[in-house]
Structures are given as C-alpha cells and as structure tokens.
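**Q** My structure is below; once you've seen it, I'll send some questions.
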Amino acid sequence: MDIWELVIDSVMDSVKLIPFLFLTYLIMEYLEHRTGEGAQRLIVRMGQGAQRKTDRKEMHLTGRRYGGRWAGPIVGGLLGIVPQCGFSAAASNLYAGRVITLGTLMAVYLSTSDEMLPLLLSERVPVGLILSILAAKAIIGMVAGLGIDLMRRAKGDRRQGCIHDICEQEKCHCEKGIVRSALSHTFQITFFILVINFALNLVLAYAGEEVLAGLILNRPILAPVLAGVVGLIPNCAGSVVLTQLYLKGAMGVGALMAGLFANSGVGLLVLFRVNHDRKENLTILGLLYGIGVAAGFLIGLAV
C-alpha cells in the first residue's frame, strides 16, 4: 500500500464521521445558546438521573422516572450496535459537555461494533450467531451502564459540567452563531482524527496486521486479555483483525467478545481530545478494558 492509499483511507475514515460530529455539536450549541441555563439544567437532569425535586410541569415534560434513571444507558446500548463508530464519537462529545452520564457513555462504547457486523455479513455467518453477538454487546452495555450510574448516584456524584467549557477550551468563538461554532468544532476534531488515523494506518501498513494477529494466536488462556488490548486501538483495524481471526477459527468467541467490547471505534480518541480531565479519561479506558475482558471471559466459559 503506497502513501497515497494510506492518505485516502485515512481521509475516508475521518470524513464519514463529519455528519455525526456536526449534528452533535449543533445540538450542543443549540442547548447552550437557545434554550437558556434553565432548560439546559433540565436536559442534564434527564441524562444524569439527578434525584432533585421538580414541579409537576417538569415531571410531565421530562418523564423523570423513565428518562432520568433508565433511558440513557438503554438507548446508548441500542445505538452502539449500529455498525457506525460515529455514535461513539458523538457520545464522547456529549459526555465531555455532561449532557449524558458516564453509564450512557460506557453503554455506547461497549456495544459499538465498528467493522465487525459488515465482515460477519460478508462472510455469510449464520444470522442467529450475528444476532447473538449483537444482543450480547447491547445487553452488557446496558447492564454495565445502568450499574455505573447507580453506583455514582449512590456515592452522590452529580457533576454537571457545562457545554460552554468545551467552547472555551476549543476557542470556537460561539458568539458568531451556532452553525459556525458547530462547524469549527467539527473541523478541529475531524482534523485531529485524520492525523491520528493516518499515523495508525502508517504503522499498521509497515508493521502489518499480522503483528496484531500474532499477539493472540497460540495463546488460548491469555487470548481475551490480549484481544482486549487489540480492541482498544482507536481504528477499524482492531475489529477487523479480531473478526477475521474468529472467522478463521484462530480464537474462540470469548476472546472475540473481549476485544469487541473494548473496541469503541474512535470514541476514546475523541474523548481524550475533548475531555481535558486526563485522570477521568484513563479511568474510563480502564473501565472499558476491564469490563470487556471480564465479559469476554464469562462468555467464553458459558459457551
């Protein structure tokens, strides 16, 4: 593969995220500039499940019991299984602005399938197996997300961040209009993803995807642990290698699922770019890896 093919591949991988990023930033800018602080707090309350007293009108509009406590991780788990890593990128931005909870973010990350589904379909894998994999990813994502939110509420953690903080960090000049600001955010993040994607593609082109495969082959006991590491790569190469190894019979379903749970597409990449709490980002990365590997082990033992 020559350098121009690498550039084209990197550009295509990055460009397909633009609609998701732009729509996400447009919504966030609208919340910041049009709905006012009161409405923004109301939406944050829905996403974070804060258990504060509200008047009857607010309870009617928000559906507090459903939207506040359960909706986020459940919707996140369902959206994640759509074969498009744009949802994980959008979730990272929304979490950085504290519009959604950590549980919702983790539900999206754990259920994201990236390139796995197209590969399984192209190889004519039985529909029942494909649905089982997707269902497992969605269910684990939902359960983990709900559990995380429940524990955070029990500890009284109700951090509410502000969408405006992202604008301050990115110097997007929001006063010039929400569309222009959303475009500014989208351009900055897309360029960042493009640069990282090109660097990863360059490394993989010269090192070869065989290196990733070699990490897992002939290591049946450590396979889920190593597959989880491969899954953390913020590039479609991770899910491609994992799925191909499984289809070739080189690793079991437990290792496959461990890697796929840990694979969030470019979600982590965007999170580290827009969320400037590095300690929190590392904690999220650790949670994603730990839950993914643990779930993979359990699935491997069950089948």
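Ligands are numbered from 1 in the order shown, chains are lettered A, B, ... in the order of the structure tokens, and residues start at 1 in each chain.
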Write out as a ChimeraX atom specification which residues come within 8 Å of Ile189 of chain A when counting only C-alpha atoms, dropping same-chain ones fewer than 3 positions away.
**A** /A:185-186,192-193,270,273
**Q** Would you output that residue set with N, CA, C and O atoms, as a PDB file, in the first residue's frame?
**A**
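Once everything was written out, this is again_15.pdb:
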ATOM      1  N   HIS A 185     -15.968  23.377  15.676  1.00  0.00           N
ATOM      2  CA  HIS A 185     -15.709  22.191  16.486  1.00  0.00           C
ATOM      3  C   HIS A 185     -15.498  20.961  15.589  1.00  0.00           C
ATOM      4  O   HIS A 185     -14.571  20.179  15.797  1.00  0.00           O
ATOM      5  N   THR A 186     -16.395  20.794  14.615  1.00  0.00           N
ATOM      6  CA  THR A 186     -16.337  19.632  13.735  1.00  0.00           C
ATOM      7  C   THR A 186     -15.022  19.585  12.965  1.00  0.00           C
ATOM      8  O   THR A 186     -14.387  18.524  12.855  1.00  0.00           O
ATOM      9  N   PHE A 192      -8.069  16.355  13.852  1.00  0.00           N
ATOM     10  CA  PHE A 192      -7.357  15.581  14.861  1.00  0.00           C
ATOM     11  C   PHE A 192      -7.485  14.083  14.574  1.00  0.00           C
ATOM     12  O   PHE A 192      -6.496  13.339  14.610  1.00  0.00           O
ATOM     13  N   ILE A 193      -8.709  13.622  14.283  1.00  0.00           N
ATOM     14  CA  ILE A 193      -8.934  12.210  13.979  1.00  0.00           C
ATOM     15  C   ILE A 193      -8.181  11.803  12.722  1.00  0.00           C
ATOM     16  O   ILE A 193      -7.609  10.709  12.639  1.00  0.00           O
ATOM     17  N   VAL A 270     -11.676  10.604  20.542  1.00  0.00           N
ATOM     18  CA  VAL A 270     -12.394  11.872  20.698  1.00  0.00           C
ATOM     19  C   VAL A 270     -12.473  12.269  22.163  1.00  0.00           C
ATOM     20  O   VAL A 270     -12.307  13.443  22.518  1.00  0.00           O
ATOM     21  N   ARG A 273      -9.483  13.903  23.377  1.00  0.00           N
ATOM     22  CA  ARG A 273      -9.301  15.217  22.749  1.00  0.00           C
ATOM     23  C   ARG A 273     -10.194  16.284  23.390  1.00  0.00           C
ATOM     24  O   ARG A 273      -9.761  17.419  23.591  1.00  0.00           O
TER      25      ARG A 273
END
**Q** Need the shell around Gly147 of chain A: protein/DNA/RNA residues with any atom at most 8 Å away, counting only C-alpha atoms. Skip same-chain ones fewer than 4 positions apart. Format as a list in words?
**A** Gly103, Val143 and Met151 of chain A
**Q** Could the residues in this selection be written to a file with C-alpha atoms, as a compact mmCIF listing (two decimals), in the first residue's frame?
**A**
# COMPACT_ATOMS: atom_id res chain seq x y z
CA GLY A 103 -23.15 4.99 32.27
CA VAL A 143 -26.29 -3.55 32.31
CA MET A 151 -23.11 3.41 41.87
**Q** Ranking A:Gly292, A:Pro19, A:Gly249, A:Gly80 by minimum distance to Ala138 of chain A and counting only C-alpha atoms, which one comes first?
**A**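 That would be A:Gly80, the residue with the smallest distance to Ala138 of chain A.
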**Q** Which one of A:Phe261, A:Phe87, A:Trp4, A:Trp70 sits closest to Lys16 of chain A if you count only C-alpha atoms?
**A** A:Phe87
**Q** Find the residues near Ile140 of chain A: any atom within 12 Å, counting only C-alpha atoms, skip ones fewer than 4 places away on the same chain, and give them as a VMD selection string.
**A** chain A and resid 73 to 74 76 to 78 80 to 81 103 106 to 112 132 to 136 144 to 148 257 to 258 260 to 262 288 291 to 296 298 to 299
**Q** Write a file of the selected residues as a short mmCIF file (atom, residue, chain, number, x, y, z; two decimals), in the first residue's frame, keeping N, CA, C and O atoms.
**A**
data_model
loop_
_atom_site.label_atom_id
_atom_site.label_comp_id
_atom_site.auth_asym_id
_atom_site.auth_seq_id
_atom_site.Cartn_x
_atom_site.Cartn_y
_atom_site.Cartn_z
N PRO A 73 -28.53 4.74 29.39
CA PRO A 73 -27.79 3.53 29.07
C PRO A 73 -28.54 2.58 28.14
O PRO A 73 -27.91 1.90 27.31
N ILE A 74 -29.85 2.53 28.24
CA ILE A 74 -30.62 1.63 27.37
C ILE A 74 -30.56 2.11 25.93
O ILE A 74 -30.27 1.34 25.00
N GLY A 76 -28.32 4.14 24.73
CA GLY A 76 -26.92 4.06 24.32
C GLY A 76 -26.53 2.67 23.88
O GLY A 76 -25.82 2.49 22.88
N GLY A 77 -26.98 1.65 24.62
CA GLY A 77 -26.68 0.27 24.24
C GLY A 77 -27.27 -0.12 22.90
O GLY A 77 -26.66 -0.87 22.14
N LEU A 78 -28.45 0.41 22.60
CA LEU A 78 -29.09 0.10 21.31
C LEU A 78 -28.43 0.84 20.15
O LEU A 78 -28.23 0.28 19.07
N GLY A 80 -25.37 1.84 19.99
CA GLY A 80 -24.00 1.38 19.79
C GLY A 80 -23.87 0.22 18.82
O GLY A 80 -22.84 0.09 18.15
N ILE A 81 -24.87 -0.65 18.74
CA ILE A 81 -24.75 -1.83 17.88
C ILE A 81 -24.90 -1.49 16.41
O ILE A 81 -24.63 -2.32 15.55
N GLY A 103 -22.52 6.27 32.60
CA GLY A 103 -23.15 4.99 32.27
C GLY A 103 -23.61 4.94 30.83
O GLY A 103 -23.45 3.92 30.14
N MET A 106 -20.52 4.57 28.60
CA MET A 106 -19.98 3.22 28.62
C MET A 106 -20.89 2.25 27.87
O MET A 106 -20.41 1.31 27.23
N ALA A 107 -22.19 2.47 27.93
CA ALA A 107 -23.12 1.61 27.19
C ALA A 107 -22.87 1.71 25.69
O ALA A 107 -22.87 0.70 24.97
N VAL A 108 -22.63 2.93 25.21
CA VAL A 108 -22.33 3.13 23.79
C VAL A 108 -21.00 2.48 23.44
O VAL A 108 -20.89 1.75 22.44
N TYR A 109 -19.98 2.73 24.25
CA TYR A 109 -18.65 2.16 23.97
C TYR A 109 -18.69 0.64 23.91
O TYR A 109 -18.15 0.02 22.99
N LEU A 110 -19.31 0.01 24.91
CA LEU A 110 -19.30 -1.44 25.00
C LEU A 110 -20.11 -2.11 23.88
O LEU A 110 -19.80 -3.22 23.46
N SER A 111 -21.13 -1.42 23.40
CA SER A 111 -21.98 -2.04 22.37
C SER A 111 -21.55 -1.69 20.95
O SER A 111 -22.02 -2.29 19.99
N THR A 112 -20.64 -0.71 20.80
CA THR A 112 -20.19 -0.31 19.46
C THR A 112 -19.55 -1.49 18.73
O THR A 112 -18.71 -2.20 19.29
N SER A 132 -26.91 -13.02 18.14
CA SER A 132 -26.47 -13.34 19.50
C SER A 132 -25.32 -12.42 19.92
O SER A 132 -25.29 -11.93 21.06
N ILE A 133 -24.37 -12.16 19.01
CA ILE A 133 -23.24 -11.28 19.31
C ILE A 133 -23.72 -9.86 19.55
O ILE A 133 -23.32 -9.21 20.52
N LEU A 134 -24.61 -9.38 18.68
CA LEU A 134 -25.14 -8.03 18.84
C LEU A 134 -25.94 -7.89 20.13
O LEU A 134 -25.82 -6.88 20.85
N ALA A 135 -26.74 -8.91 20.43
CA ALA A 135 -27.55 -8.87 21.65
C ALA A 135 -26.65 -8.86 22.89
O ALA A 135 -26.92 -8.13 23.85
N ALA A 136 -25.58 -9.67 22.86
CA ALA A 136 -24.67 -9.72 24.00
C ALA A 136 -24.01 -8.36 24.22
O ALA A 136 -23.88 -7.88 25.35
N ALA A 144 -23.99 -2.76 32.28
CA ALA A 144 -22.82 -2.06 32.82
C ALA A 144 -23.12 -0.57 32.99
O ALA A 144 -22.77 0.03 34.02
N GLY A 145 -23.78 0.02 32.01
CA GLY A 145 -24.11 1.44 32.08
C GLY A 145 -25.04 1.76 33.23
O GLY A 145 -24.82 2.72 33.98
N LEU A 146 -26.08 0.96 33.38
CA LEU A 146 -27.02 1.17 34.47
C LEU A 146 -26.34 0.98 35.83
O LEU A 146 -26.58 1.73 36.77
N GLY A 147 -25.46 -0.04 35.90
CA GLY A 147 -24.75 -0.29 37.15
C GLY A 147 -23.83 0.86 37.53
O GLY A 147 -23.77 1.27 38.69
N ILE A 148 -23.12 1.40 36.55
CA ILE A 148 -22.21 2.51 36.79
C ILE A 148 -22.97 3.74 37.27
O ILE A 148 -22.59 4.41 38.23
N MET A 257 -15.30 -11.59 21.83
CA MET A 257 -16.18 -10.65 22.52
C MET A 257 -15.39 -9.71 23.43
O MET A 257 -15.73 -8.53 23.55
N ALA A 258 -14.32 -10.21 24.06
CA ALA A 258 -13.50 -9.34 24.90
C ALA A 258 -12.93 -8.19 24.08
O ALA A 258 -12.95 -7.03 24.51
N LEU A 260 -14.10 -7.06 21.14
CA LEU A 260 -15.17 -6.23 20.59
C LEU A 260 -15.79 -5.33 21.65
O LEU A 260 -16.19 -4.21 21.36
N PHE A 261 -15.88 -5.83 22.89
CA PHE A 261 -16.38 -4.98 23.98
C PHE A 261 -15.45 -3.80 24.20
O PHE A 261 -15.89 -2.67 24.45
N ALA A 262 -14.15 -4.05 24.13
CA ALA A 262 -13.17 -2.99 24.39
C ALA A 262 -13.05 -2.03 23.21
O ALA A 262 -12.51 -0.94 23.37
N LEU A 288 -13.51 0.39 30.51
CA LEU A 288 -13.86 -0.24 29.24
C LEU A 288 -13.10 -1.54 29.05
O LEU A 288 -13.67 -2.57 28.69
N ILE A 291 -14.17 -4.24 31.97
CA ILE A 291 -15.50 -4.81 31.75
C ILE A 291 -15.48 -5.70 30.51
O ILE A 291 -16.05 -6.79 30.49
N GLY A 292 -14.80 -5.24 29.45
CA GLY A 292 -14.74 -6.01 28.21
C GLY A 292 -14.08 -7.36 28.39
O GLY A 292 -14.61 -8.39 27.96
N VAL A 293 -12.92 -7.38 29.03
CA VAL A 293 -12.20 -8.64 29.26
C VAL A 293 -12.99 -9.57 30.19
O VAL A 293 -13.10 -10.76 29.93
N ALA A 294 -13.55 -9.02 31.27
CA ALA A 294 -14.32 -9.83 32.21
C ALA A 294 -15.54 -10.47 31.52
O ALA A 294 -15.81 -11.65 31.69
N ALA A 295 -16.24 -9.66 30.72
CA ALA A 295 -17.40 -10.18 30.00
C ALA A 295 -16.98 -11.23 28.99
O ALA A 295 -17.66 -12.24 28.80
N GLY A 296 -15.84 -11.01 28.33
CA GLY A 296 -15.34 -11.99 27.36
C GLY A 296 -15.03 -13.32 28.02
O GLY A 296 -15.34 -14.39 27.49
N LEU A 298 -16.34 -14.53 30.79
CA LEU A 298 -17.59 -15.17 31.20
C LEU A 298 -18.29 -15.80 30.00
O LEU A 298 -18.82 -16.92 30.11
N ILE A 299 -18.31 -15.11 28.87
CA ILE A 299 -18.94 -15.67 27.68
C ILE A 299 -18.18 -16.90 27.21
O ILE A 299 -18.77 -17.90 26.79
#
**Q** What separation in Å, quoted to one decimal, exists between atom CA of Leu6 of chain A and atom CA of Ile196 of chain A?
**A**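 Atom-to-atom, atom CA of Leu6 of chain A to atom CA of Ile196 of chain A, that is 12.0 Å.
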**Q** Could you tell me which of A:Leu247, A:Leu256, A:Leu287, A:Ile27 comes closest to Leu120 of chain A if we count only C-alpha atoms?
**A** A:Leu247
**Q** Quick one: residues within 12 Å of Pro118 of chain A, only C-alpha atoms, excluding same-chain residues fewer than 6 positions away - as a ChimeraX atom specification?
**A** /A:81-84,124-125,130,236,239-240,243-244
**Q** Go ahead and dump the residues you just picked, N, CA and C atoms, as a PDB file, in the first residue's frame.
**A**
ATOM      1  N   ILE A  81     -24.867  -0.649  18.744  1.00  0.00           N
ATOM      2  CA  ILE A  81     -24.745  -1.826  17.882  1.00  0.00           C
ATOM      3  C   ILE A  81     -24.902  -1.486  16.405  1.00  0.00           C
ATOM      4  N   VAL A  82     -25.337  -0.268  16.092  1.00  0.00           N
ATOM      5  CA  VAL A  82     -25.390   0.159  14.692  1.00  0.00           C
ATOM      6  C   VAL A  82     -23.951   0.204  14.170  1.00  0.00           C
ATOM      7  N   PRO A  83     -23.665  -0.429  13.017  1.00  0.00           N
ATOM      8  CA  PRO A  83     -22.280  -0.514  12.525  1.00  0.00           C
ATOM      9  C   PRO A  83     -21.731   0.819  12.037  1.00  0.00           C
ATOM     10  N   GLN A  84     -21.534   1.737  12.959  1.00  0.00           N
ATOM     11  CA  GLN A  84     -21.017   3.064  12.612  1.00  0.00           C
ATOM     12  C   GLN A  84     -20.432   3.666  13.883  1.00  0.00           C
ATOM     13  N   ARG A 124     -21.155 -14.395   5.317  1.00  0.00           N
ATOM     14  CA  ARG A 124     -22.375 -15.196   5.402  1.00  0.00           C
ATOM     15  C   ARG A 124     -22.431 -16.036   6.678  1.00  0.00           C
ATOM     16  N   VAL A 125     -22.055 -15.417   7.769  1.00  0.00           N
ATOM     17  CA  VAL A 125     -22.162 -16.069   9.072  1.00  0.00           C
ATOM     18  C   VAL A 125     -23.646 -16.230   9.405  1.00  0.00           C
ATOM     19  N   ILE A 130     -24.939 -13.928  14.514  1.00  0.00           N
ATOM     20  CA  ILE A 130     -24.761 -12.470  14.443  1.00  0.00           C
ATOM     21  C   ILE A 130     -25.677 -11.777  15.446  1.00  0.00           C
ATOM     22  N   CYS A 236     -10.391   1.073  12.874  1.00  0.00           N
ATOM     23  CA  CYS A 236     -11.166  -0.102  12.467  1.00  0.00           C
ATOM     24  C   CYS A 236     -10.310  -1.366  12.357  1.00  0.00           C
ATOM     25  N   SER A 239     -11.088  -4.174  15.173  1.00  0.00           N
ATOM     26  CA  SER A 239     -12.262  -5.024  14.994  1.00  0.00           C
ATOM     27  C   SER A 239     -12.126  -5.919  13.773  1.00  0.00           C
ATOM     28  N   VAL A 240     -11.441  -5.446  12.733  1.00  0.00           N
ATOM     29  CA  VAL A 240     -11.227  -6.252  11.525  1.00  0.00           C
ATOM     30  C   VAL A 240     -10.368  -7.471  11.842  1.00  0.00           C
ATOM     31  N   THR A 243     -12.267 -10.000  14.174  1.00  0.00           N
ATOM     32  CA  THR A 243     -13.322 -10.739  13.469  1.00  0.00           C
ATOM     33  C   THR A 243     -12.729 -11.755  12.501  1.00  0.00           C
ATOM     34  N   GLN A 244     -11.673 -11.379  11.792  1.00  0.00           N
ATOM     35  CA  GLN A 244     -11.037 -12.296  10.852  1.00  0.00           C
ATOM     36  C   GLN A 244     -10.435 -13.502  11.569  1.00  0.00           C
TER      37      GLN A 244
END
**Q** What does the distance between atom CA of Ala223 of chain A and atom CA of Ala255 of chain A come to in Å, to one decimal place?
**A**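 So the answer is 5.5 Å.
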**Q** Could you jot down the atom CA of His276 of chain A to atom CA of Ile100 of chain A separation for me, Å, one decimal place?
**A** 16.5 Å
**Q** Quick one: residues within 12 Å of Ala199 of chain A, only C-alpha atoms counted, chain neighbours fewer than 2 positions away excluded, as a list in words?
**A** Ile3, Leu6, Val7, Asp9, Ser10, Val11, Phe192, Ile193, Leu194, Val195, Ile196, Asn197, Asn201, Leu202, Val203, Leu204, Ala205, Tyr206, Pro234 and Asn235 of chain A
